[in-house]
file work-v5.pdb (PDB, C-alpha atoms)
ATOM      1  CA  MET A  29       0.530 -86.322  15.348
ATOM      2  CA  SER A  30      -0.868 -84.386  12.390
ATOM      3  CA  ALA A  31      -2.383 -80.939  12.653
ATOM      4  CA  MET A  32      -5.753 -82.428  11.658
ATOM      5  CA  SER A  33      -5.761 -84.943  14.495
ATOM      6  CA  GLN A  34      -4.576 -82.320  17.002
ATOM      7  CA  THR A  35      -7.626 -80.182  16.289
ATOM      8  CA  ALA A  36     -10.135 -83.050  16.065
ATOM      9  CA  GLY A  37     -12.999 -82.299  18.404
ATOM     10  CA  LYS A  38     -12.019 -78.632  18.717
ATOM     11  CA  LYS A  39     -13.648 -76.118  16.454
ATOM     12  CA  PRO A  40     -11.581 -72.923  16.404
ATOM     13  CA  PHE A  41     -13.966 -71.171  14.003
ATOM     14  CA  THR A  42     -17.235 -71.719  12.129
ATOM     15  CA  ILE A  43     -18.030 -71.182   8.476
ATOM     16  CA  THR A  44     -21.171 -69.040   8.549
ATOM     17  CA  GLY A  45     -21.908 -68.705   4.841
ATOM     18  CA  LEU A  46     -20.501 -67.770   1.479
ATOM     19  CA  ASP A  47     -19.561 -64.098   1.186
ATOM     20  CA  LEU A  48     -18.571 -64.022  -2.458
ATOM     21  CA  SER A  49     -18.027 -66.349  -5.372
ATOM     22  CA  GLY A  50     -16.500 -65.412  -8.685
ATOM     23  CA  TYR A  51     -14.151 -65.941 -11.576
ATOM     24  CA  MET A  52     -10.723 -64.773 -12.649
ATOM     25  CA  VAL A  53     -10.816 -63.102 -16.067
ATOM     26  CA  LYS A  54      -8.134 -62.102 -18.559
ATOM     27  CA  ASP A  55     -10.047 -59.055 -19.817
ATOM     28  CA  ALA A  56     -12.374 -57.619 -17.168
ATOM     29  CA  GLU A  57     -13.908 -55.001 -19.481
ATOM     30  CA  ARG A  58     -14.839 -57.675 -22.029
ATOM     31  CA  ALA A  59     -16.176 -59.982 -19.299
ATOM     32  CA  ILE A  60     -18.252 -57.205 -17.690
ATOM     33  CA  GLN A  61     -19.789 -56.469 -21.101
ATOM     34  CA  PHE A  62     -20.654 -60.189 -21.534
ATOM     35  CA  TYR A  63     -22.357 -60.418 -18.126
ATOM     36  CA  ARG A  64     -24.249 -57.178 -18.835
ATOM     37  CA  GLU A  65     -25.358 -58.013 -22.388
ATOM     38  CA  VAL A  66     -25.909 -61.776 -22.174
ATOM     39  CA  LEU A  67     -27.068 -62.260 -18.571
ATOM     40  CA  GLY A  68     -28.478 -58.784 -17.954
ATOM     41  CA  ILE A  69     -26.656 -58.101 -14.686
ATOM     42  CA  GLU A  70     -25.057 -54.781 -13.803
ATOM     43  CA  PRO A  71     -22.039 -54.488 -11.530
ATOM     44  CA  ALA A  72     -22.576 -52.902  -8.138
ATOM     45  CA  PHE A  73     -18.909 -51.901  -8.148
ATOM     46  CA  VAL A  74     -16.279 -51.780 -10.915
ATOM     47  CA  TYR A  75     -12.611 -51.835  -9.924
ATOM     48  CA  PRO A  76     -10.216 -49.450 -11.713
ATOM     49  CA  ASP A  77      -7.427 -50.539 -14.063
ATOM     50  CA  ASN A  78      -9.272 -53.526 -15.625
ATOM     51  CA  ARG A  79      -9.277 -55.342 -12.282
ATOM     52  CA  GLY A  80     -12.898 -56.533 -12.340
ATOM     53  CA  ALA A  81     -16.298 -55.975 -10.786
ATOM     54  CA  GLU A  82     -18.648 -57.189  -8.099
ATOM     55  CA  TYR A  83     -22.348 -57.904  -8.519
ATOM     56  CA  GLU A  84     -24.977 -57.955  -5.763
ATOM     57  CA  MET A  85     -27.514 -60.696  -6.498
ATOM     58  CA  PRO A  86     -31.185 -60.304  -5.523
ATOM     59  CA  ASP A  87     -30.812 -63.045  -2.879
ATOM     60  CA  GLY A  88     -27.966 -61.166  -1.153
ATOM     61  CA  ALA A  89     -25.094 -63.199  -2.609
ATOM     62  CA  THR A  90     -22.152 -61.437  -4.248
ATOM     63  CA  PHE A  91     -20.567 -62.522  -7.533
ATOM     64  CA  GLY A  92     -17.200 -61.178  -8.617
ATOM     65  CA  LEU A  93     -14.992 -60.943 -11.699
ATOM     66  CA  TRP A  94     -11.298 -60.313 -11.115
ATOM     67  CA  GLY A  95      -8.844 -59.365 -13.812
ATOM     68  CA  GLY A  96      -5.712 -57.319 -13.695
ATOM     69  CA  GLY A  97      -3.349 -59.516 -15.678
ATOM     70  CA  GLY A  98      -2.334 -61.740 -12.773
ATOM     71  CA  ARG A  99      -1.609 -58.852 -10.394
ATOM     72  CA  VAL A 100      -4.452 -59.879  -8.087
ATOM     73  CA  MET A 101      -4.109 -63.645  -8.536
ATOM     74  CA  PRO A 102      -3.228 -65.857 -11.484
ATOM     75  CA  PHE A 103      -5.835 -66.497 -14.166
ATOM     76  CA  GLN A 104      -7.477 -69.900 -14.214
ATOM     77  CA  PRO A 105     -10.820 -70.655 -15.902
ATOM     78  CA  SER A 106     -13.293 -72.455 -13.688
ATOM     79  CA  ASN A 107     -16.701 -74.124 -13.809
ATOM     80  CA  GLY A 108     -18.397 -73.632 -10.470
ATOM     81  CA  ILE A 109     -20.956 -70.816 -10.837
ATOM     82  CA  LEU A 110     -24.652 -71.686 -10.983
ATOM     83  CA  PHE A 111     -26.877 -68.653 -11.470
ATOM     84  CA  ALA A 112     -30.461 -69.245 -10.340
ATOM     85  CA  VAL A 113     -32.920 -68.338 -13.097
ATOM     86  CA  ASP A 114     -36.697 -68.193 -13.045
ATOM     87  CA  ASP A 115     -37.096 -70.031 -16.372
ATOM     88  CA  VAL A 116     -34.370 -72.192 -17.960
ATOM     89  CA  ASP A 117     -36.113 -72.360 -21.351
ATOM     90  CA  LYS A 118     -36.356 -68.565 -21.606
ATOM     91  CA  ALA A 119     -32.749 -68.203 -20.415
ATOM     92  CA  VAL A 120     -31.541 -70.644 -23.102
ATOM     93  CA  GLU A 121     -33.578 -68.829 -25.762
ATOM     94  CA  ALA A 122     -32.145 -65.461 -24.679
ATOM     95  CA  VAL A 123     -28.488 -66.504 -24.671
ATOM     96  CA  LYS A 124     -28.844 -68.261 -28.034
ATOM     97  CA  ALA A 125     -30.424 -65.084 -29.457
ATOM     98  CA  ARG A 126     -27.212 -63.278 -28.463
ATOM     99  CA  GLY A 127     -25.089 -65.813 -30.335
ATOM    100  CA  VAL A 128     -23.902 -67.704 -27.244
ATOM    101  CA  ALA A 129     -23.653 -71.469 -27.662
ATOM    102  CA  VAL A 130     -25.336 -73.695 -25.112
ATOM    103  CA  ILE A 131     -22.781 -76.390 -24.285
ATOM    104  CA  MET A 132     -25.118 -78.745 -22.497
ATOM    105  CA  GLU A 133     -28.598 -78.933 -21.035
ATOM    106  CA  ARG A 134     -29.376 -81.358 -18.218
ATOM    107  CA  GLU A 135     -32.245 -82.301 -16.003
ATOM    108  CA  SER A 136     -31.985 -84.141 -12.703
ATOM    109  CA  PRO A 137     -34.631 -85.124 -10.191
ATOM    110  CA  VAL A 138     -34.030 -81.815  -8.359
ATOM    111  CA  CYS A 139     -33.169 -79.270 -11.070
ATOM    112  CA  ARG A 140     -32.835 -78.204 -14.711
ATOM    113  CA  MET A 141     -29.755 -76.485 -16.035
ATOM    114  CA  ALA A 142     -28.001 -75.198 -19.128
ATOM    115  CA  MET A 143     -24.281 -74.504 -19.431
ATOM    116  CA  ILE A 144     -22.637 -71.716 -21.432
ATOM    117  CA  ASN A 145     -19.138 -70.225 -21.496
ATOM    118  CA  ASP A 146     -18.297 -66.599 -20.817
ATOM    119  CA  THR A 147     -15.704 -64.680 -22.840
ATOM    120  CA  GLU A 148     -12.887 -66.056 -20.662
ATOM    121  CA  GLY A 149     -13.782 -69.751 -20.990
ATOM    122  CA  ASN A 150     -15.455 -69.974 -17.571
ATOM    123  CA  MET A 151     -18.509 -72.215 -17.493
ATOM    124  CA  ILE A 152     -21.743 -70.599 -16.340
ATOM    125  CA  THR A 153     -24.683 -72.777 -15.395
ATOM    126  CA  LEU A 154     -28.154 -71.285 -15.673
ATOM    127  CA  HIS A 155     -29.954 -73.254 -12.970
ATOM    128  CA  LYS A 156     -33.527 -73.755 -11.763
ATOM    129  CA  ARG A 157     -34.395 -75.879  -8.740
ATOM    130  CA  LYS A 158     -37.550 -77.975  -9.020
ATOM    131  CA  GLU A 159     -40.297 -77.476  -6.488
ATOM    132  CA  GLN A 160     -40.086 -80.220  -3.889
TER     133      GLN A 160
END
call {"tool": "encode", "arguments": {"input": "work-v5.pdb", "output": "structure tokens"}}
result
Amino acid sequence: MSAMSQTAGKKPFTITGLDLSGYMVKDAERAIQFYREVLGIEPAFVYPDNRGAEYEMPDGATFGLWGGGGRVMPFQPSNGILFAVDDVDKAVEAVKARGVAVIMERESPVCRMAMINDTEGNMITLHKRKEQ
């Protein structure tokens, strides 16, 4: 009997939310500068020794950048962060004005979005939900 089937029906714990989401970075100082200058967000806490930063978002979520040359965990670029923005068109205009290429813009029945890369190759999606 597998561990999954042994625990079926029992719920030993409950996921209650998402405490923090973030990216691994090769150069935390460079990445922090990108997020400050291009996206206009300031870290709530910066770790020493080029290890990264954490950002408190207005909605209470926390976003993190972790560097440290693989001492914390190995580097791997990712593509799962969607930052909510109030206006996708203005966000696209602002990042382009800073010389950042917009990789793709998409619209779905529920949202609009634009994708850019940070200095580490991580994809950032600037995202706006449509009013339902």
call {"tool": "closest_residue", "arguments": {"input": "work-v5.pdb", "among": "A:Val66, A:Met143, A:Ile60, A:Ala72", "to": "Ala125 in chain A", "atoms": "only C-alpha atoms"}}
result
A:Val66
call {"tool": "atom_distance", "arguments": {"input": "work-v5.pdb", "atom1": "CA of Gly108 in chain A", "atom2": "CA of Ser49 in chain A"}}
result
8.9 Å
call {"tool": "closest_residue", "arguments": {"input": "work-v5.pdb", "among": "A:Leu67, A:Met85, A:Val74, A:Leu93", "to": "Glu148 in chain A", "atoms": "only C-alpha atoms"}}
result
A:Leu93
call {"tool": "residues_around", "arguments": {"input": "work-v5.pdb", "residues": "Ala112 in chain A", "least_positions_apart": "3", "cutoff": "7 Å", "atoms": "all atoms listed in the file", "output": "ChimeraX atom specification"}}
result
/A:154-156
call {"tool": "resolve_selection", "arguments": {"input": "work-v5.pdb", "expression": "the PyMOL selection byres ((chain A and resi 75) around 12)", "output": "list in words"}}
result
Ala56, Glu57, Ile60, Pro71, Ala72, Phe73, Val74, Pro76, Asp77, Asn78, Arg79, Gly80, Ala81, Glu82, Tyr83, Gly92, Leu93, Trp94, Gly95, Gly96 and Val100 of chain A
call {"tool": "resolve_selection", "arguments": {"input": "work-v5.pdb", "expression": "the PyMOL selection byres ((chain A and resi 88) around 12)", "output": "PyMOL selection string"}}
result
chain A and resi 45-49+83-87+89-91
call {"tool": "axis_aligned_box", "arguments": {"input": "work-v5.pdb", "around": "range 138-145 of chain A", "padding_each_side": "6 Å", "output": "AutoDock Vina command-line options"}}
result
--center_x -26.6 --center_y -76.0 --center_z -14.9 --size_x 26.9 --size_y 23.6 --size_z 25.1
